[in-house]
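Engineer: Structure incoming, see below.
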Amino acid sequence: MGMNTGAFLGILLCWTATIAPTVHAEPPRSQPDSVRTVFRPTFRMEPLAYRREARPGQTITFRFRLHSSDKPLHLEVQPVSLVQHRDGRITVDERAAVPRLVRLSTPSRIDLVPQSEATIEGTWTLPAGAGQFYAVGLLVTDRTDQSAFGSDQRPQMGVRFVTRYLLRVEADIRQVRPQVAVRLTGGRLIDRDGFAHAQVLVSNPVGAGQRFEARGRLLDADGRVVMDRIPLGLPVRANQPKGKRSEVIVLPSSQVVLQGRLPDPVYAGEYRLQVSLHQGTQRLESAEFALAVSEDQFPAQRSVVARVLKAVDIQPPELELSTLRRGSRMLPLSLENKGTEPIAIRLRPIDGNGEVVPWLKVRPQTLTLQAGRRRNVMVALQVGGTGGPPALQTDRYAHLSVEAVGQHTASRGTQYLPVAWLGKPPSDSPGDDPQAVADAVRLGPLRLTPAEPSAAVLQLALENQGTRHVTPHLHIRLEGPGGESIQRQAGYHRWVLPGGQRTYKFPIEDLRPGTYRVQIDRIRRQGAAPIRTQQTLRVR
């Protein structure tokens, strides 16, 4: 129907149903009656948003085109006031009076025959203040009376859809100096599916709307820029094209939340979130917000990148090589220096005793990575080399040691990346058999650890008793004594090596005393069906 979510326009669909048993001339059959529902829009509007530039106090004329479908229509048109929600949605303000400065020059009730067109026209006199942006709405409702009975007077079963279009008339005031009153009142980092998102609260306390773009940067405790461009926009516009996604509209006397995912991982430490609001080249407002990131925050980023020396990002953080069919014997490893000094790097494939493994080759093994530069190294299997296992016989594991030394500060750090050589045939591999995987992984009981008076942390231990690494993602759902449902997730497909254990943490706020039924879904790999278990949790 052409709904433009970027313009915050809603198409409201409600339905009523008349249900009655069908009258049969023969005894009723055992099979249930079937209901066939086909929904088609009864009409469409063009455009959904009428926009133009204007002067304060000017009277503008608006015009919308209406197209009917294959049925006669009886429509009602009503000017309405608008209200904005914190996520950016704009809907009808049921409590506000009808705007007096909007006048329809076409009838408020429109009758259309099938396959016809009509127009909705009117005028709007803008306020005389120094506002920057104004908007009003037109609610178009299908009032067509459809009988619940057919021509043969038999009761019918079905669903009747009532279509409503919320149109918007907008005016940009660009000929005067705008009244800038928008305020940045809060900023923080939040967790969305394990990744860090910046969230900023913007307030507009005056009686005029504001239109602007928001720009974000992340600085460390010393004032150095960690991330220069953090996208910030209204959540309701997240699916819009990139150019429109950054446009922000705040109606009078409203508060909205701007949000955007950080383009790079953020690690434990102290930061400052720097936010500025712009209209063209003019800066409207700016503010900084202090942030603190702990080791336990944003766990999903650890499944896509590792870091050494607080400066060098490594992707991927785990390497799976294989001599099996469709497997890869060679993989690139990306190293990026996000620090301010050159860093010398040495890579060594080692076993659990720190000895170099002969079946893994890295090129180059040593390099110097300049500040702001990226470099790829190749990690490959050396099949048939001295000490190497025969192909298609067994799986082997090692670690790739990434040692980093800053050339100016002499600071040192080491990161160990797990490396797998998959050589066991699929028919003998528990990693390819869902039942074998289920038997090889053991989940412990959920344990509750108090964190604060209003918060707690659920902990769940997982042990890999198989011979191949597992990549679990855990989703838990708690059903409380009052019927409430709480959902959390962890894991994000990070490796658990054979014989390894890992404890997953699920922070939960305001967990009330009582008995909870807990459903645990463990997803073995992305796209696979979950393996489900049940537990009971008692909170005192």
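Letters for chains follow the order of the structure tokens (A, B, ...), residue numbers begin at 1 for each chain, and ligand numbers begin at 1 in the order shown.
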Pick out the residues sitting within 12 Å of A:His85, and hand them over as a ChimeraX atom specification; count only C-alpha atoms, and ignore anything fewer than 2 positions along from it in its own chain.

Structural biologist: /A:8,82-83,87-93,202-203,234-236,249-258

Engineer: Write out as JSON lines a residue-level contact list of stretch 219-305 of chain A versus stretch 320-336 of chain A with cut-off 12 Å: for each qualifying residue the closest pair of atoms and the distance in Å to one decimal, counting only C-alpha atoms, rows sorted by chain and residue number upward.

Structural biologist:
{"residue": "A:Asp264", "atom": "CA", "partner": "A:Glu336", "partner_atom": "CA", "distance": 11.7}
{"residue": "A:Val304", "atom": "CA", "partner": "A:Ser334", "partner_atom": "CA", "distance": 11.6}
{"residue": "A:Val305", "atom": "CA", "partner": "A:Ser334", "partner_atom": "CA", "distance": 9.7}

Engineer: Output the selection as a PDB file, in the first residue's frame - N, CA, C and O atoms for each residue.

Structural biologist:
ATOM      1  N   ASP A 264      32.434  -0.406  15.513  1.00  0.00           N
ATOM      2  CA  ASP A 264      33.542  -1.281  15.903  1.00  0.00           C
ATOM      3  C   ASP A 264      33.303  -1.773  17.332  1.00  0.00           C
ATOM      4  O   ASP A 264      32.549  -1.169  18.097  1.00  0.00           O
ATOM      5  N   VAL A 304      33.232 -12.156  16.985  1.00  0.00           N
ATOM      6  CA  VAL A 304      33.596 -11.703  15.643  1.00  0.00           C
ATOM      7  C   VAL A 304      34.973 -11.055  15.598  1.00  0.00           C
ATOM      8  O   VAL A 304      35.532 -10.874  14.506  1.00  0.00           O
ATOM      9  N   VAL A 305      35.543 -10.682  16.735  1.00  0.00           N
ATOM     10  CA  VAL A 305      36.838 -10.020  16.724  1.00  0.00           C
ATOM     11  C   VAL A 305      37.541 -10.256  18.053  1.00  0.00           C
ATOM     12  O   VAL A 305      36.897 -10.377  19.103  1.00  0.00           O
TER      13      VAL A 305
END

Engineer: Please provide the set of residues having any atom within 6 Å of stretch 468-481 of chain A, restricted to only C-alpha atoms, with same-chain residues fewer than 2 positions apart removed, written as a PyMOL selection string.

Structural biologist: chain A and resi 466+483-498+516-524

Engineer: With a distance cut-off of 9 Å and only C-alpha atoms, select the neighbouring residues of stretch 113-116 of chain A, excluding the residue or stretch itself and same-chain residues fewer than 4 positions from it, and output the selection as a count of residues only.

Structural biologist: 8

Engineer: I'd like the contact shell of A:Pro349 - 6 Å cut-off, only C-alpha atoms, skipping same-chain residues fewer than 3 positions apart - returned as a list in words.

Structural biologist: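 Once the adjacent positions are removed, what remains is Val356, Val357, His399 and Leu400 of chain A.
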
Engineer: Would you work out the distance separating atom CA of A:Gln84 from atom CA of A:Glu213, expressed in Å to one decimal?

Structural biologist: 17.4 Å

Engineer: Could you go through stretch 224-378 of chain A and tell me which residues DSSP, when run on the backbone, assigns to helix (DSSP H, G or I), listing them as a PyMOL selection string?

Structural biologist: chain A and resi 235-237+242-245+299-303

Engineer: Quick one: everything within 7 Å of A:Ser81, counting only C-alpha atoms, minus sequence neighbours fewer than 4 positions away in the same chain. Send it as a list in words.

Structural biologist: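 So, after excluding close chain neighbours, the residues are Val92, Asp93, Ala96, Ala97, Val98, Pro99, Val136 and Gly137 of chain A.
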
Engineer: Between A:Val419, A:Leu458, A:Val308, A:Leu184, which is the closest to A:Leu277 once you count only C-alpha atoms?

Structural biologist: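 Selected residue with least distance to A:Leu277: A:Leu184.
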
Engineer: Can you list, as a list of chain:residue names, every protein, DNA or RNA residue that comes within 8 Å of A:Gln274 when you count only C-alpha atoms, leaving out same-chain residues fewer than 3 positions away?

Structural biologist: A:Gly216, A:Arg217, A:Leu218, A:Leu219, A:Ser286, A:Ala287, A:Glu288, A:Phe289

Engineer: Would you return as a VMD selection string the members of stretch 334-498 of chain A that DSSP assigns to strand (DSSP E) on this structure's backbone?

Structural biologist: chain A and resid 334 to 337 343 to 350 360 to 363 366 to 369 374 to 381 396 to 406 412 to 422 441 to 443 447 to 452 455 to 464 473 to 479 485 to 490

Engineer: Compare A:Phe212, A:Phe62, A:Trp124, A:Tyr271 by their minimum atom-to-atom distance to A:Gly233, counting only C-alpha atoms, and give me the closest one.

Structural biologist: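 Selected residue with least distance to A:Gly233: A:Phe212.
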
Engineer: Just to confirm, what's the straight-line distance from atom CA of A:Glu46 to atom CA of A:Phe64 in Å (one decimal)?

Structural biologist: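 Between these atoms lies a distance of 5.8 Å.
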
Engineer: So, counting only C-alpha atoms, which residue among A:Glu53, A:Val206, A:Arg188, A:Glu121 is closest to A:Glu170?

Structural biologist: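 Smallest separation from A:Glu170 among the options: A:Glu53.
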
Engineer: Atom CA of A:Gly482 and atom CA of A:Leu460 are how many Å apart?

Structural biologist: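 So the two atoms, atom CA of A:Gly482 and atom CA of A:Leu460, lie 23.8 Å apart.
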
Engineer: Which one of A:Arg103, A:Arg95, A:His408, A:Arg525 sits closest to A:Ile343 if you count only C-alpha atoms?

Structural biologist: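 Looking only at the distances to A:Ile343, the closest residue turns out to be A:His408.
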